[in-house]
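Written out below as structure tokens is the structure these notes cover.
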Amino acid sequence: WSGHYDHFGPVWATAHTTQFTQVGWDLIEVGSGSGQLPAGGFYATYADPKTGDWTLTISKIDRDHASCTRPALPAFHVQAENVTFRLASSVKRSTLAQWYSNFEDYRPDGEVPALFQRLDDVEIKDDSITLEVQVGAVITVSTIVKGPTKGAPPTPIPESQPSLPLPFSDNFESYEISKEGKYWSDQIGSFEVHYESGASGNKVMRQMVPVLPIGWGDGGSY
């Protein structure tokens, strides 16, 4: 491995919440500060019971981009919309920072151009804020203005240097019994090299778990 890595999407998706909340904050209940959007998607509000600071997170992800959700989601449809949130009289008024990502707006090479971007502050009008929420968007609006940042690794990321010869094949004949083949890694269950039958002959990689494992991706079919 050259040390190269490049999948920052999940990091910045998480940052939409983790950089704007702290341990001890309250998650506001559905109907008061959390819930579903009219045209699909959801929102959640977190509040600091000590300072009154608060963070609103909004997510509108299409079902085609939510395949890893467990348990599987029922059929649903989302659409872009403008959403207005009315602030209760007890809610802290201050400068509201806005951060934006869109995980369904990506280039042919897979690059996501809108990834944890700081946008213009949100203006409160008539005790309300209105936001444009596109399909694929994750938005954070927060009274936490200073601190959150889209950082970068302190050490430059090494260039990718593919070295695995492709196509790759292995007959497993050089491995000891009960060992794992080179370049293989268990995904579901446990795989080991064993004879195809009996105590000699052709060696194969065999699933050693006798019952269906708890699968993350497809219920454990491997």
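Please note that chains go A, B, ... in the order of the structure tokens, that every chain numbers its residues from 1, and that ligands are numbered from 1 in the order shown.
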Could you pull out all residues of segment 8-218 of chain A with a DSSP call of strand (DSSP E) and give them as a ChimeraX atom specification? /A:26-27,35-36,42-47,54-60,81-86,96-102,117-122,128-133,137-142,191-195,203-207
With only C-alpha atoms as the counted atoms, please give the residues lying no more than 8 Å from Ala13 of chain A, apart from itself and same-chain residues fewer than 3 positions off, as a ChimeraX atom specification. /A:9-10,16-17,101,116,138
Save the residues we just selected, N, CA, C and O atoms, as an mmCIF file, in the first residue's frame?
```cif
data_model
loop_
_atom_site.group_PDB
_atom_site.id
_atom_site.type_symbol
_atom_site.label_atom_id
_atom_site.label_comp_id
_atom_site.auth_asym_id
_atom_site.auth_seq_id
_atom_site.Cartn_x
_atom_site.Cartn_y
_atom_site.Cartn_z
ATOM 1 N N GLY A 9 -15.722 11.787 1.922
ATOM 2 C CA GLY A 9 -17.148 12.058 2.000
ATOM 3 C C GLY A 9 -17.755 11.727 3.353
ATOM 4 O O GLY A 9 -18.406 12.583 3.979
ATOM 5 N N PRO A 10 -17.566 10.496 3.856
ATOM 6 C CA PRO A 10 -18.142 10.165 5.159
ATOM 7 C C PRO A 10 -17.609 11.031 6.302
ATOM 8 O O PRO A 10 -18.328 11.303 7.266
ATOM 9 N N HIS A 16 -20.897 17.513 9.710
ATOM 10 C CA HIS A 16 -22.081 18.371 9.734
ATOM 11 C C HIS A 16 -22.768 18.346 11.098
ATOM 12 O O HIS A 16 -23.510 19.280 11.435
ATOM 13 N N THR A 17 -22.535 17.292 11.863
ATOM 14 C CA THR A 17 -23.084 17.220 13.224
ATOM 15 C C THR A 17 -22.005 17.380 14.279
ATOM 16 O O THR A 17 -22.136 18.180 15.209
ATOM 17 N N SER A 101 -23.220 20.463 1.939
ATOM 18 C CA SER A 101 -22.659 19.398 1.101
ATOM 19 C C SER A 101 -23.773 18.882 0.203
ATOM 20 O O SER A 101 -24.955 18.990 0.543
ATOM 21 N N PHE A 116 -18.860 19.991 2.427
ATOM 22 C CA PHE A 116 -18.635 20.741 3.655
ATOM 23 C C PHE A 116 -18.134 22.148 3.348
ATOM 24 O O PHE A 116 -17.057 22.552 3.760
ATOM 25 N N VAL A 138 -26.934 17.915 2.388
ATOM 26 C CA VAL A 138 -26.830 17.879 3.838
ATOM 27 C C VAL A 138 -26.451 19.291 4.263
ATOM 28 O O VAL A 138 -25.440 19.834 3.796
#
```
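Shortest atom-to-atom contact with Phe85 of chain A among A:Ile129, A:Leu73, A:Val122, A:Ile61: A:Ile129, counting only C-alpha atoms.
Counting only C-alpha atoms, the residue from A:Asp186, A:Pro158, A:Gln79, A:Ile139 that sits nearest to Ala44 of chain A is A:Ile139.
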What lies within 8 Å of Gln161 of chain A using only C-alpha atoms, ignoring chain neighbours under 2 positions off, as a list in words? Trp1, Ser2, His4, Glu159 and Ser163 of chain A
Residue neighbourhood Ala75 of chain A, 12 Å, only C-alpha atoms, exclusion window fewer than 5 positions, as a PyMOL selection string: chain A and resi 40+62-64+66-67
6 Å contact set for segment 24-34 of chain A, only C-alpha atoms, chain neighbours under 2 positions out, as a PDB file with N, CA and C atoms, in the first residue's frame:
```pdb
ATOM      1  N   GLN A  22     -21.781  19.171  21.097  1.00  0.00           N
ATOM      2  CA  GLN A  22     -20.877  18.662  22.119  1.00  0.00           C
ATOM      3  C   GLN A  22     -21.614  17.630  22.956  1.00  0.00           C
ATOM      4  N   TYR A  43     -34.940  16.473   9.309  1.00  0.00           N
ATOM      5  CA  TYR A  43     -34.135  17.468   9.992  1.00  0.00           C
ATOM      6  C   TYR A  43     -34.088  17.132  11.476  1.00  0.00           C
ATOM      7  N   ALA A  44     -33.024  17.566  12.131  1.00  0.00           N
ATOM      8  CA  ALA A  44     -32.849  17.332  13.563  1.00  0.00           C
ATOM      9  C   ALA A  44     -32.175  18.554  14.163  1.00  0.00           C
ATOM     10  N   THR A  45     -32.597  18.908  15.368  1.00  0.00           N
ATOM     11  CA  THR A  45     -32.035  20.056  16.058  1.00  0.00           C
ATOM     12  C   THR A  45     -31.399  19.613  17.368  1.00  0.00           C
ATOM     13  N   TYR A  46     -30.214  20.119  17.620  1.00  0.00           N
ATOM     14  CA  TYR A  46     -29.482  19.861  18.858  1.00  0.00           C
ATOM     15  C   TYR A  46     -29.311  21.186  19.597  1.00  0.00           C
ATOM     16  N   ALA A  47     -29.401  21.168  20.918  1.00  0.00           N
ATOM     17  CA  ALA A  47     -29.311  22.407  21.684  1.00  0.00           C
ATOM     18  C   ALA A  47     -28.466  22.219  22.935  1.00  0.00           C
ATOM     19  N   ASP A  48     -27.712  23.252  23.252  1.00  0.00           N
ATOM     20  CA  ASP A  48     -26.906  23.263  24.469  1.00  0.00           C
ATOM     21  C   ASP A  48     -27.763  23.809  25.604  1.00  0.00           C
TER      22      ASP A  48
END
```
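Atom CA of Trp54 of chain A to atom CA of Lys146 of chain A spans 13.5 Å [interatomic distance, one decimal].
Take the candidates A:Glu173, A:Asp53, A:Asp109, A:Asp121 and check each one against Asn202 of chain A using only C-alpha atoms; the shortest distance goes to A:Glu173.
Closest approach to Asn82 of chain A from the set A:Gly198, A:Pro38, A:Gly52, A:Pro148 is made by A:Pro38, with distances taken over only C-alpha atoms.
Between Val133 of chain A and the candidates A:Ser178, A:Gln98, A:Ser59, A:Gln19, the tightest atom-to-atom separation, counting only C-alpha atoms, involves A:Ser59.
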Excluding Leu96 of chain A and any residue of its chain fewer than 2 positions from it, enumerate the residues within 8 Å of it, using only C-alpha atoms, and give them as JSON, numbers by chain. {"A": [94, 98, 121, 122, 123, 141, 142, 143, 144, 145]}
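Secondary structure of segment 7-217 of chain A, alpha helix (DSSP H) only (DSSP, backbone atoms): A:Gly9, A:Pro10, A:Val11, A:Trp12, A:Ala13, A:Thr14, A:Ala15, A:His16, A:Thr17, A:Thr18.
The interatomic distance for the pair atom CA of Ser185 of chain A and atom CA of Pro108 of chain A works out to 29.4 Å.
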